[in-house]
Amino acid sequence: MSSSTATSTPTVHLGPDQPPLLVDAITAGGGQLTGLHDADAVVWTGAPSDFPTLPTQVRWVQLPSAGVESWFQSGVVDAGSDRVWTSAAGAYADSVAEHALALLLAGVRALPGQLAATSWDQAGFGAQVRTLRGSLVAIVGCGGIGRALIPLLSAVGAHTLAVTRSGRTVPGAVETLPAERTAEVWGRADHVVLGAPATGQTKYLLGAQELAQMKSTAWVVNIARGSLIDTDALVEALTEGRIGGAALDVTEPEPLPDGHPLWTLPNAIITPHVANPPSALAPAFAQHVSDNVSRFARGQALAAVIDPASGY
């Protein structure tokens, strides 16, 4: 978008559903609701399969999800046009970062076994409990969620090694590496949090080779996409006790089938993709929409712009 600060009243089509929270958000951002064929912008609330053919005058489309791989797979994002597409990346960062910290603490503090215990075993569990204080936590794919997680880790005395596509310094991280140096992370970090998008380049980012380099006490937390981890390789590493454990809010396959080994491994924690619960989702997305409508009205750069060449 232009860097001009002149303010106009953009016409915005909201569909296919029009929840009052989003209606209010668009109005609060300075937009005016309209039909699709009169719209400057579209805020979409449905699935890729329901997406309409867009009139040529639509200059911006806001998608409802942070992950956009399904929107590319379905051909919705028209990479060849000048139209700007934005995701909800960053809108849910605080909630997901909180969940990531909870998962990591649960693993490091050996909470699953203690919560399931029915007898007092201070010696046994005491040998398993560790601390995050002074540890180095690598956040691989340190976008909005990672940036929200860094101060939470700092609050418990942990240090952060950030990995981003560009390698530009991430505030609060003790070091930032570009994506091409990700291989350096696995053996250095005490624990790893995966926050990368799902692309062809990140599929099985953590596989057998990477797991073999990790410390025997390291926990891996995945709050991004299940395809970032080779599940079979992870199950093998966990079964053999080659890493401390895995705490996963996303899996491949998803939903994780009943009877899958990850459900019963003592060093695995599974939550059913609830890092961003419904109670937090709608208000966070509404605020994101309001902010972006306001930016659009002022001709300012939009938040969470999708890069068609990168696929996210």
# chains A, B, ... in the order shown; residues from 1 in each chain; ligands from 1
call {"tool": "closest_atom_pairs", "arguments": {"of": "range 112-138 of chain A", "to": "range 85-102 of chain A", "cutoff": "12 Å", "atoms": "only C-alpha atoms", "output": "tab-separated table"}}
result
residue	atom	partner	partner_atom	distance
A:Pro112	CA	A:Ala102	CA	12.0
A:Leu132	CA	A:Leu101	CA	10.2
A:Val137	CA	A:Leu101	CA	10.8
call {"tool": "select_by_dssp", "arguments": {"residues": "range 210-299 of chain A", "states": "helix (DSSP H, G or I)", "output": "ChimeraX atom specification"}}
result
/A:210-213,226-228,231-239,261-263,278-298
call {"tool": "residues_around", "arguments": {"residues": "range 263-280 of chain A", "least_positions_apart": "4", "cutoff": "7 Å", "atoms": "only C-alpha atoms", "output": "PyMOL selection string"}}
result
chain A and resi 92+95-96+99+113+238+244-250+259+284
call {"tool": "closest_residue", "arguments": {"among": "A:Gln122, A:Ser216, A:Gln73, A:Thr199", "to": "Gly241 in chain A", "atoms": "only C-alpha atoms"}}
result
A:Ser216
call {"tool": "closest_residue", "arguments": {"among": "A:Asp190, A:Glu69, A:Asp230, A:Asp258", "to": "Gly134 in chain A", "atoms": "only C-alpha atoms"}}
result
A:Asp190
call {"tool": "closest_residue", "arguments": {"among": "A:Gln128, A:Gln57, A:Gln18, A:Gln213", "to": "Gly187 in chain A", "atoms": "only C-alpha atoms"}}
result
A:Gln213
call {"tool": "residues_around", "arguments": {"residues": "range 42-49 of chain A", "least_positions_apart": "3", "cutoff": "10 Å", "atoms": "only C-alpha atoms", "output": "VMD selection string"}}
result
chain A and resid 11 to 19 22 26 33 to 36 39 52 54 58 to 65 68 70 to 77 85 to 86 289 293
call {"tool": "select_by_dssp", "arguments": {"residues": "range 81-290 of chain A", "states": "strand (DSSP E)", "output": "number ranges by chain"}}
result
A: 84-86, 136-140, 159-164, 175-178, 191-194, 219-222, 245-248, 268-270
call {"tool": "atom_distance", "arguments": {"atom1": "CA of Thr169 in chain A", "atom2": "CA of Arg295 in chain A"}}
result
25.3 Å
call {"tool": "atom_distance", "arguments": {"atom1": "CA of Val84 in chain A", "atom2": "CA of Gly195 in chain A"}}
result
23.8 Å
call {"tool": "residues_around", "arguments": {"residues": "Glu184 in chain A", "least_positions_apart": "3", "cutoff": "12 Å", "atoms": "only C-alpha atoms", "output": "list in words"}}
result
Ala138, Val140, Leu161, Ala162, Val163, Thr176, Leu177, Pro178, Ala179, Glu180, Arg181, Gly187, Arg188, Ala189, Glu210, Gln213 and Met214 of chain A
call {"tool": "write_last_selection", "arguments": {"atoms": "N, CA, C and O atoms", "output": "compact mmCIF listing (two decimals), in the first residue's frame"}}
result
# COMPACT_ATOMS: atom_id res chain seq x y z
N ALA A 138 15.42 -22.18 21.29
CA ALA A 138 15.41 -21.76 19.89
C ALA A 138 13.98 -21.68 19.39
O ALA A 138 13.21 -22.63 19.55
N VAL A 140 12.23 -21.48 16.00
CA VAL A 140 12.48 -21.63 14.58
C VAL A 140 11.23 -21.18 13.83
O VAL A 140 10.20 -21.84 13.87
N LEU A 161 17.11 -17.96 21.10
CA LEU A 161 17.81 -17.96 19.82
C LEU A 161 16.73 -17.96 18.74
O LEU A 161 15.96 -18.92 18.64
N ALA A 162 16.65 -16.88 17.99
CA ALA A 162 15.58 -16.73 16.99
C ALA A 162 16.08 -17.12 15.60
O ALA A 162 17.22 -16.80 15.24
N VAL A 163 15.24 -17.80 14.84
CA VAL A 163 15.52 -18.10 13.44
C VAL A 163 14.41 -17.50 12.60
O VAL A 163 13.23 -17.80 12.80
N THR A 176 20.05 -13.91 16.48
CA THR A 176 19.10 -14.20 15.41
C THR A 176 19.85 -14.78 14.23
O THR A 176 20.88 -14.23 13.80
N LEU A 177 19.37 -15.90 13.70
CA LEU A 177 19.99 -16.55 12.56
C LEU A 177 19.04 -16.54 11.37
O LEU A 177 17.82 -16.62 11.54
N PRO A 178 19.57 -16.47 10.15
CA PRO A 178 18.72 -16.61 8.96
C PRO A 178 18.33 -18.07 8.77
O PRO A 178 18.99 -18.99 9.29
N ALA A 179 17.27 -18.30 8.01
CA ALA A 179 16.74 -19.66 7.84
C ALA A 179 17.77 -20.62 7.29
O ALA A 179 17.76 -21.81 7.64
N GLU A 180 18.69 -20.15 6.44
CA GLU A 180 19.67 -21.07 5.86
C GLU A 180 20.67 -21.61 6.89
O GLU A 180 21.42 -22.53 6.61
N ARG A 181 20.65 -21.04 8.10
CA ARG A 181 21.54 -21.54 9.16
C ARG A 181 20.78 -22.33 10.24
O ARG A 181 21.30 -22.58 11.32
N GLY A 187 21.64 -28.75 17.65
CA GLY A 187 22.58 -29.18 18.67
C GLY A 187 22.89 -28.13 19.72
O GLY A 187 23.38 -28.47 20.81
N ARG A 188 22.60 -26.87 19.42
CA ARG A 188 22.92 -25.79 20.36
C ARG A 188 21.84 -25.57 21.40
O ARG A 188 22.12 -25.29 22.56
N ALA A 189 20.60 -25.64 20.97
CA ALA A 189 19.49 -25.24 21.84
C ALA A 189 19.21 -26.28 22.92
O ALA A 189 19.33 -27.49 22.70
N GLU A 210 17.75 -34.24 12.22
CA GLU A 210 17.74 -33.13 13.16
C GLU A 210 17.51 -33.61 14.60
O GLU A 210 18.14 -33.13 15.53
N GLN A 213 20.53 -34.75 16.43
CA GLN A 213 21.47 -33.73 16.89
C GLN A 213 21.03 -33.06 18.19
O GLN A 213 21.82 -32.39 18.85
N MET A 214 19.77 -33.23 18.56
CA MET A 214 19.24 -32.54 19.73
C MET A 214 19.75 -33.13 21.03
O MET A 214 20.12 -34.31 21.09
call {"tool": "closest_residue", "arguments": {"among": "A:Leu21, A:Gly172, A:Val305, A:Gly207", "to": "Asn292 in chain A", "atoms": "only C-alpha atoms"}}
result
A:Val305
